[in-house]
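Enquirer: Encoded as structure tokens, here's the structure I'll be asking about.
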Amino acid sequence: MFWYHNNDTMAIRKCRINRFSLQITLQMTISFWVDRSPIAWVFQACRAGVFGLAVSALAAQTESNPPPKIVSVSAYRAEDERLAFQVELPVKPDPARLRILLDVGGRNHGEPNSGADYMLEGTTFYRYSEEAKGWQWVAMEPPLIVTKTNQVVCLLPKSFRLTSARWVVEITDQNWAVVDRFPREGKSDLRFQDLPALPNEELARQVTAPGLKITSVVPLKVPDGGLAFKVFFAGPPDPARFRLMLDTNQSHTREPNTGADYMLEGVNFYSYPAGASNWTWNAMTPPIVIADGNTLTYILPDAPLSSSVKWLAETTNPDWSSADRFPTIGELEFTPQALPELKLDVRHRSEDVSELTNSTPSLSCR
């Protein structure tokens, strides 16, 4: 049982652990970060021996599987002038336990303890606002996180620009305590223009299901109007797991994270409504979907009129996260008028109807 005041300080009046039949009365005020669980803080303090309590079997199990140590960290400049970090560990990393703190040159109001102006934590990228006090961060456009066998590549959002920064990478435990950092002391410096280029293959996903691996996408125009996309996969695909983002030159509201004003997802086609500010889409005329072996052809009869279209394609996991992406980074662009025309391969196959013709004529056929 825990009693506390949910503000910038936590006054713990009573701590009871029924499993060990212990009851301890505490009269103390403990400062803590407001976005961290007070129960998790007390559990962590118990593990550290602050209260002199016995540690549960769960804590002992956690200690037997400590988070991995950082082997190396490298900073890169990606193709579209974005900052990227490659973090290597001895085992397959858990992105949720990764934190990157950036102290960017030219900004004078960083988080008080770390001095950081920006932070990547887990799969979210944050900035520290001028009005913030304490551990208060504002979420920005999400980064691209690619996890491989023993490394994770973090591509920071394209809206984030810098010329120089000081940085540190941390690995945290389940209670957000830092268990390892790189460099071991202080911070590393970078000048963006001096960074080596990040090879695009470093951002390629490790896709285990062939049906989710996109090998090629060919945009086409439909003779009577509209657009089509012929998508090739490494194995038989599932249409429900495909997503296509379109950014036209129409004066529409864009989805904030992707910049798209139209989206094909599964067997549905959507437009982004005016005035929206989150993942909200309006359904349009659904596409015609043709499946043929390892290929899906999507025909959009009501595709938007636009002199140019930027696009990217993805396959999705069951939780709607990105399983694969084409292209690996950035977007591709085409002019609809310059596209080749869609030519459908209509194949006539002979059918065996002997079961119907070889029997005695009847009004019904069983």
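Ordered as shown in the structure tokens, chains take letters A, B, and onward, while each chain numbers its residues from 1 and ligands are numbered from 1 in the order shown.
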Looking only at strand (DSSP E) from DSSP on the backbone, list the matching residues of range 81-308 of chain A as number ranges by chain.
Expert: A: 83-88, 98-104, 118-121, 124-127, 138-139, 144-147, 151-155, 164-172, 178-182, 188-191, 214-221, 227-233, 242-248, 262-265, 268-271, 282-283, 288-292, 295-300
Enquirer: Kindly assemble as JSON lines a list of the range 176-252 of chain A residues that lie within 12 Å of range 144-155 of chain A, each paired with its nearest atom pair and their distance in Å to one decimal, using only C-alpha atoms, sorted first by chain and then by ascending residue number.
Expert:
{"residue": "A:Leu198", "atom": "CA", "partner": "A:Leu155", "partner_atom": "CA", "distance": 9.9}
{"residue": "A:Pro199", "atom": "CA", "partner": "A:Val153", "partner_atom": "CA", "distance": 11.3}
{"residue": "A:Asn200", "atom": "CA", "partner": "A:Val153", "partner_atom": "CA", "distance": 11.2}
{"residue": "A:Glu201", "atom": "CA", "partner": "A:Val146", "partner_atom": "CA", "distance": 10.9}
{"residue": "A:Glu202", "atom": "CA", "partner": "A:Val153", "partner_atom": "CA", "distance": 7.4}
{"residue": "A:Leu203", "atom": "CA", "partner": "A:Val146", "partner_atom": "CA", "distance": 6.2}
{"residue": "A:Ala204", "atom": "CA", "partner": "A:Val146", "partner_atom": "CA", "distance": 7.5}
{"residue": "A:Arg205", "atom": "CA", "partner": "A:Val146", "partner_atom": "CA", "distance": 6.2}
{"residue": "A:Gln206", "atom": "CA", "partner": "A:Lys148", "partner_atom": "CA", "distance": 6.5}
{"residue": "A:Val207", "atom": "CA", "partner": "A:Lys148", "partner_atom": "CA", "distance": 9.9}
{"residue": "A:Thr208", "atom": "CA", "partner": "A:Lys148", "partner_atom": "CA", "distance": 11.5}
Enquirer: Mind dumping the selected residues with C-alpha atoms as an mmCIF file, in the first residue's frame?
Expert:
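Heads up, here's the output in result_33.cif:
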data_model
loop_
_atom_site.group_PDB
_atom_site.id
_atom_site.type_symbol
_atom_site.label_atom_id
_atom_site.label_comp_id
_atom_site.auth_asym_id
_atom_site.auth_seq_id
_atom_site.Cartn_x
_atom_site.Cartn_y
_atom_site.Cartn_z
ATOM 1 C CA LEU A 198 24.835 6.584 -43.689
ATOM 2 C CA PRO A 199 24.506 3.787 -46.290
ATOM 3 C CA ASN A 200 20.844 3.305 -47.203
ATOM 4 C CA GLU A 201 21.118 -0.439 -46.616
ATOM 5 C CA GLU A 202 21.625 0.274 -42.910
ATOM 6 C CA LEU A 203 17.982 1.389 -42.799
ATOM 7 C CA ALA A 204 16.662 -1.733 -44.524
ATOM 8 C CA ARG A 205 14.392 -3.748 -42.258
ATOM 9 C CA GLN A 206 15.059 -7.363 -41.434
ATOM 10 C CA VAL A 207 11.759 -8.728 -42.704
ATOM 11 C CA THR A 208 11.228 -12.374 -41.793
#
Enquirer: Going by DSSP on the backbone, which bits of range 209-348 of chain A are helix (DSSP H, G or I)? Write them as JSON, numbers by chain, please.
Expert: {"A": [210, 211, 212, 239, 240, 241, 336, 337, 338]}
Enquirer: Pick out the residues sitting within 12 Å of Ser164 in chain A, and hand them over as a list in words; count only C-alpha atoms, and ignore anything fewer than 6 positions along from it in its own chain.
Expert: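 Listing them by chain and then by number gives Ala75, Leu83, Leu102, Asp103, Val104, Gly105, Gly106, Arg107, Ser188, Asp189, Leu190, Arg191, Phe192, Gln193, Asp194 and Leu195 of chain A.
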Enquirer: Quote the spacing between CA of Ala260 in chain A and CA of Lys221 in chain A in Å to one decimal place.
Expert: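 That distance, rounded to one decimal, is 19.8 Å.
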Enquirer: Might you pull out every residue within 6 Å of range 268-270 of chain A, with only C-alpha atoms counted and same-chain residues fewer than 4 positions away left off, and present them as JSON, numbers by chain?
Expert: {"A": [262, 263, 264, 281, 282, 283, 284, 286]}
Enquirer: Quick one: everything within 12 Å of His109 in chain A, counting only C-alpha atoms, minus sequence neighbours fewer than 3 positions away in the same chain. Send it as a PyMOL selection string.
Expert: chain A and resi 103-106+112-118+127-134
Enquirer: I'd like to know which of A:Phe229, A:Phe182, A:Phe160, A:Phe85 is closest to Thr295 in chain A, using only C-alpha atoms.
Expert: A:Phe229
Enquirer: Rounded to one decimal place, report the CA of Glu141 in chain A-CA of Gly259 in chain A distance in Å.
Expert: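 A separation of 10.4 Å between them.
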Enquirer: May I have the residues within 12 Å of Leu246 in chain A as a PDB file with N, CA and C atoms, in the first residue's frame, using only C-alpha atoms and disregarding those fewer than 2 positions away in the same chain?
Expert:
ATOM      1  N   PRO A 219       4.550   2.843 -60.218  1.00  0.00           N
ATOM      2  CA  PRO A 219       3.353   3.668 -60.428  1.00  0.00           C
ATOM      3  C   PRO A 219       2.955   3.676 -61.903  1.00  0.00           C
ATOM      4  N   LEU A 227      -4.970   6.481 -61.069  1.00  0.00           N
ATOM      5  CA  LEU A 227      -3.614   5.962 -60.903  1.00  0.00           C
ATOM      6  C   LEU A 227      -3.666   4.492 -60.512  1.00  0.00           C
ATOM      7  N   PHE A 229      -0.888   1.267 -58.893  1.00  0.00           N
ATOM      8  CA  PHE A 229       0.419   0.911 -58.340  1.00  0.00           C
ATOM      9  C   PHE A 229       0.555  -0.602 -58.392  1.00  0.00           C
ATOM     10  N   ARG A 243       0.309  -0.447 -47.102  1.00  0.00           N
ATOM     11  CA  ARG A 243      -0.052   0.955 -46.906  1.00  0.00           C
ATOM     12  C   ARG A 243       0.726   1.811 -47.905  1.00  0.00           C
ATOM     13  N   LEU A 244       0.047   2.769 -48.517  1.00  0.00           N
ATOM     14  CA  LEU A 244       0.674   3.680 -49.475  1.00  0.00           C
ATOM     15  C   LEU A 244       0.309   5.109 -49.083  1.00  0.00           C
ATOM     16  N   THR A 248       0.253  14.988 -52.529  1.00  0.00           N
ATOM     17  CA  THR A 248       0.003  15.688 -53.794  1.00  0.00           C
ATOM     18  C   THR A 248       0.350  17.164 -53.638  1.00  0.00           C
ATOM     19  N   ASN A 249       0.258  17.908 -54.754  1.00  0.00           N
ATOM     20  CA  ASN A 249       0.513  19.353 -54.670  1.00  0.00           C
ATOM     21  C   ASN A 249      -0.777  20.144 -54.512  1.00  0.00           C
ATOM     22  N   GLN A 250      -1.838  19.456 -54.100  1.00  0.00           N
ATOM     23  CA  GLN A 250      -3.086  20.151 -53.802  1.00  0.00           C
ATOM     24  C   GLN A 250      -2.958  20.904 -52.478  1.00  0.00           C
ATOM     25  N   HIS A 252      -4.146  20.972 -49.554  1.00  0.00           N
ATOM     26  CA  HIS A 252      -4.884  20.225 -48.544  1.00  0.00           C
ATOM     27  C   HIS A 252      -4.135  20.252 -47.221  1.00  0.00           C
ATOM     28  N   ARG A 254      -2.301  18.336 -44.324  1.00  0.00           N
ATOM     29  CA  ARG A 254      -1.484  17.125 -44.340  1.00  0.00           C
ATOM     30  C   ARG A 254      -1.501  16.445 -42.975  1.00  0.00           C
ATOM     31  N   GLU A 255      -1.410  15.108 -42.988  1.00  0.00           N
ATOM     32  CA  GLU A 255      -1.230  14.388 -41.729  1.00  0.00           C
ATOM     33  C   GLU A 255       0.117  14.804 -41.150  1.00  0.00           C
ATOM     34  N   THR A 258       3.430  12.275 -41.358  1.00  0.00           N
ATOM     35  CA  THR A 258       3.872  11.761 -42.656  1.00  0.00           C
ATOM     36  C   THR A 258       3.876  12.817 -43.755  1.00  0.00           C
ATOM     37  N   GLY A 259       3.100  13.887 -43.591  1.00  0.00           N
ATOM     38  CA  GLY A 259       2.984  14.900 -44.637  1.00  0.00           C
ATOM     39  C   GLY A 259       2.091  14.478 -45.781  1.00  0.00           C
ATOM     40  N   ALA A 260       1.361  13.359 -45.626  1.00  0.00           N
ATOM     41  CA  ALA A 260       0.507  12.839 -46.699  1.00  0.00           C
ATOM     42  C   ALA A 260      -0.895  13.439 -46.615  1.00  0.00           C
ATOM     43  N   ASP A 261      -1.519  13.643 -47.799  1.00  0.00           N
ATOM     44  CA  ASP A 261      -2.916  14.073 -47.818  1.00  0.00           C
ATOM     45  C   ASP A 261      -3.851  12.980 -48.329  1.00  0.00           C
ATOM     46  N   TYR A 262      -3.271  11.860 -48.817  1.00  0.00           N
ATOM     47  CA  TYR A 262      -4.066  10.697 -49.208  1.00  0.00           C
ATOM     48  C   TYR A 262      -3.341   9.433 -48.737  1.00  0.00           C
ATOM     49  N   MET A 263      -4.119   8.401 -48.459  1.00  0.00           N
ATOM     50  CA  MET A 263      -3.537   7.149 -47.982  1.00  0.00           C
ATOM     51  C   MET A 263      -4.340   5.960 -48.496  1.00  0.00           C
ATOM     52  N   LEU A 264      -3.623   4.967 -48.987  1.00  0.00           N
ATOM     53  CA  LEU A 264      -4.209   3.668 -49.279  1.00  0.00           C
ATOM     54  C   LEU A 264      -3.749   2.729 -48.172  1.00  0.00           C
ATOM     55  N   GLU A 265      -4.696   2.095 -47.493  1.00  0.00           N
ATOM     56  CA  GLU A 265      -4.337   1.176 -46.408  1.00  0.00           C
ATOM     57  C   GLU A 265      -5.246  -0.036 -46.490  1.00  0.00           C
ATOM     58  N   PHE A 269      -9.192   3.455 -49.382  1.00  0.00           N
ATOM     59  CA  PHE A 269      -8.504   4.658 -49.825  1.00  0.00           C
ATOM     60  C   PHE A 269      -9.072   5.841 -49.053  1.00  0.00           C
ATOM     61  N   TYR A 270      -8.190   6.718 -48.551  1.00  0.00           N
ATOM     62  CA  TYR A 270      -8.602   7.793 -47.666  1.00  0.00           C
ATOM     63  C   TYR A 270      -8.024   9.134 -48.104  1.00  0.00           C
ATOM     64  N   SER A 271      -8.683  10.208 -47.681  1.00  0.00           N
ATOM     65  CA  SER A 271      -8.140  11.562 -47.797  1.00  0.00           C
ATOM     66  C   SER A 271      -8.044  12.153 -46.390  1.00  0.00           C
ATOM     67  N   TYR A 272      -7.108  13.062 -46.225  1.00  0.00           N
ATOM     68  CA  TYR A 272      -6.940  13.682 -44.905  1.00  0.00           C
ATOM     69  C   TYR A 272      -7.835  14.910 -44.832  1.00  0.00           C
ATOM     70  N   LEU A 300      -6.690   3.038 -58.494  1.00  0.00           N
ATOM     71  CA  LEU A 300      -7.395   4.112 -57.798  1.00  0.00           C
ATOM     72  C   LEU A 300      -8.174   4.922 -58.827  1.00  0.00           C
ATOM     73  N   ALA A 303      -8.267   8.719 -57.980  1.00  0.00           N
ATOM     74  CA  ALA A 303      -6.999   9.287 -57.525  1.00  0.00           C
ATOM     75  C   ALA A 303      -7.027  10.795 -57.715  1.00  0.00           C
ATOM     76  N   PRO A 304      -6.436  11.553 -56.802  1.00  0.00           N
ATOM     77  CA  PRO A 304      -6.478  13.017 -56.888  1.00  0.00           C
ATOM     78  C   PRO A 304      -5.733  13.541 -58.106  1.00  0.00           C
ATOM     79  N   LEU A 305      -6.248  14.636 -58.677  1.00  0.00           N
ATOM     80  CA  LEU A 305      -5.566  15.299 -59.772  1.00  0.00           C
ATOM     81  C   LEU A 305      -4.407  16.106 -59.206  1.00  0.00           C
ATOM     82  N   SER A 306      -3.237  15.880 -59.737  1.00  0.00           N
ATOM     83  CA  SER A 306      -2.046  16.568 -59.233  1.00  0.00           C
ATOM     84  C   SER A 306      -0.971  16.532 -60.311  1.00  0.00           C
ATOM     85  N   SER A 308       2.163  16.597 -59.702  1.00  0.00           N
ATOM     86  CA  SER A 308       3.238  15.749 -59.176  1.00  0.00           C
ATOM     87  C   SER A 308       2.759  15.084 -57.904  1.00  0.00           C
ATOM     88  N   VAL A 309       3.293  13.909 -57.622  1.00  0.00           N
ATOM     89  CA  VAL A 309       2.902  13.144 -56.443  1.00  0.00           C
ATOM     90  C   VAL A 309       4.160  12.566 -55.792  1.00  0.00           C
ATOM     91  N   LYS A 310       4.333  12.825 -54.495  1.00  0.00           N
ATOM     92  CA  LYS A 310       5.378  12.170 -53.717  1.00  0.00           C
ATOM     93  C   LYS A 310       4.731  10.983 -53.002  1.00  0.00           C
ATOM     94  N   TRP A 311       5.479   9.895 -52.847  1.00  0.00           N
ATOM     95  CA  TRP A 311       4.857   8.703 -52.287  1.00  0.00           C
ATOM     96  C   TRP A 311       5.884   7.816 -51.598  1.00  0.00           C
ATOM     97  N   LEU A 312       5.374   6.970 -50.719  1.00  0.00           N
ATOM     98  CA  LEU A 312       6.153   5.893 -50.114  1.00  0.00           C
ATOM     99  C   LEU A 312       5.206   4.746 -49.814  1.00  0.00           C
ATOM    100  N   ALA A 313       5.743   3.549 -49.795  1.00  0.00           N
ATOM    101  CA  ALA A 313       4.936   2.346 -49.548  1.00  0.00           C
ATOM    102  C   ALA A 313       5.471   1.611 -48.329  1.00  0.00           C
ATOM    103  N   GLU A 314       4.576   0.978 -47.601  1.00  0.00           N
ATOM    104  CA  GLU A 314       4.940   0.214 -46.410  1.00  0.00           C
ATOM    105  C   GLU A 314       4.108  -1.054 -46.330  1.00  0.00           C
ATOM    106  N   GLU A 331      11.198   9.840 -49.845  1.00  0.00           N
ATOM    107  CA  GLU A 331      10.039   9.599 -50.703  1.00  0.00           C
ATOM    108  C   GLU A 331      10.476   9.574 -52.166  1.00  0.00           C
ATOM    109  N   LEU A 332       9.627   8.992 -52.994  1.00  0.00           N
ATOM    110  CA  LEU A 332       9.815   9.045 -54.439  1.00  0.00           C
ATOM    111  C   LEU A 332       8.755   9.970 -55.025  1.00  0.00           C
ATOM    112  N   GLU A 333       9.003  10.463 -56.237  1.00  0.00           N
ATOM    113  CA  GLU A 333       8.087  11.428 -56.845  1.00  0.00           C
ATOM    114  C   GLU A 333       7.892  11.101 -58.318  1.00  0.00           C
ATOM    115  N   PHE A 334       6.673  11.329 -58.804  1.00  0.00           N
ATOM    116  CA  PHE A 334       6.404  11.136 -60.221  1.00  0.00           C
ATOM    117  C   PHE A 334       5.443  12.205 -60.723  1.00  0.00           C
TER     118      PHE A 334
END
Enquirer: So how many Å separate CA of Val222 in chain A and CA of Ser251 in chain A, to one decimal?
Expert: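 Computed distance, CA of Val222 in chain A to CA of Ser251 in chain A, equals 23.6 Å.
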Enquirer: Ranking A:Asp173, A:Phe326, A:Ala139, A:Leu220 by minimum distance to Met245 in chain A and counting only C-alpha atoms, which one comes first?
Expert: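 Checking each candidate against Met245 in chain A, we get A:Phe326 as the closest.
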Enquirer: Env of Thr316 in chain A: 7 Å cut, atoms = only C-alpha atoms, seq-sep filter 6 positions within chain, self excluded. Answer as a ChimeraX atom specification.
Expert: /A:241-242,322-323
Enquirer: For Pro68 in chain A, which of A:Lys230, A:Gly275, A:Gly186, A:Asp180 is the closest residue, counting only C-alpha atoms?
Expert: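 Of all the options, A:Asp180 lies closest to Pro68 in chain A.
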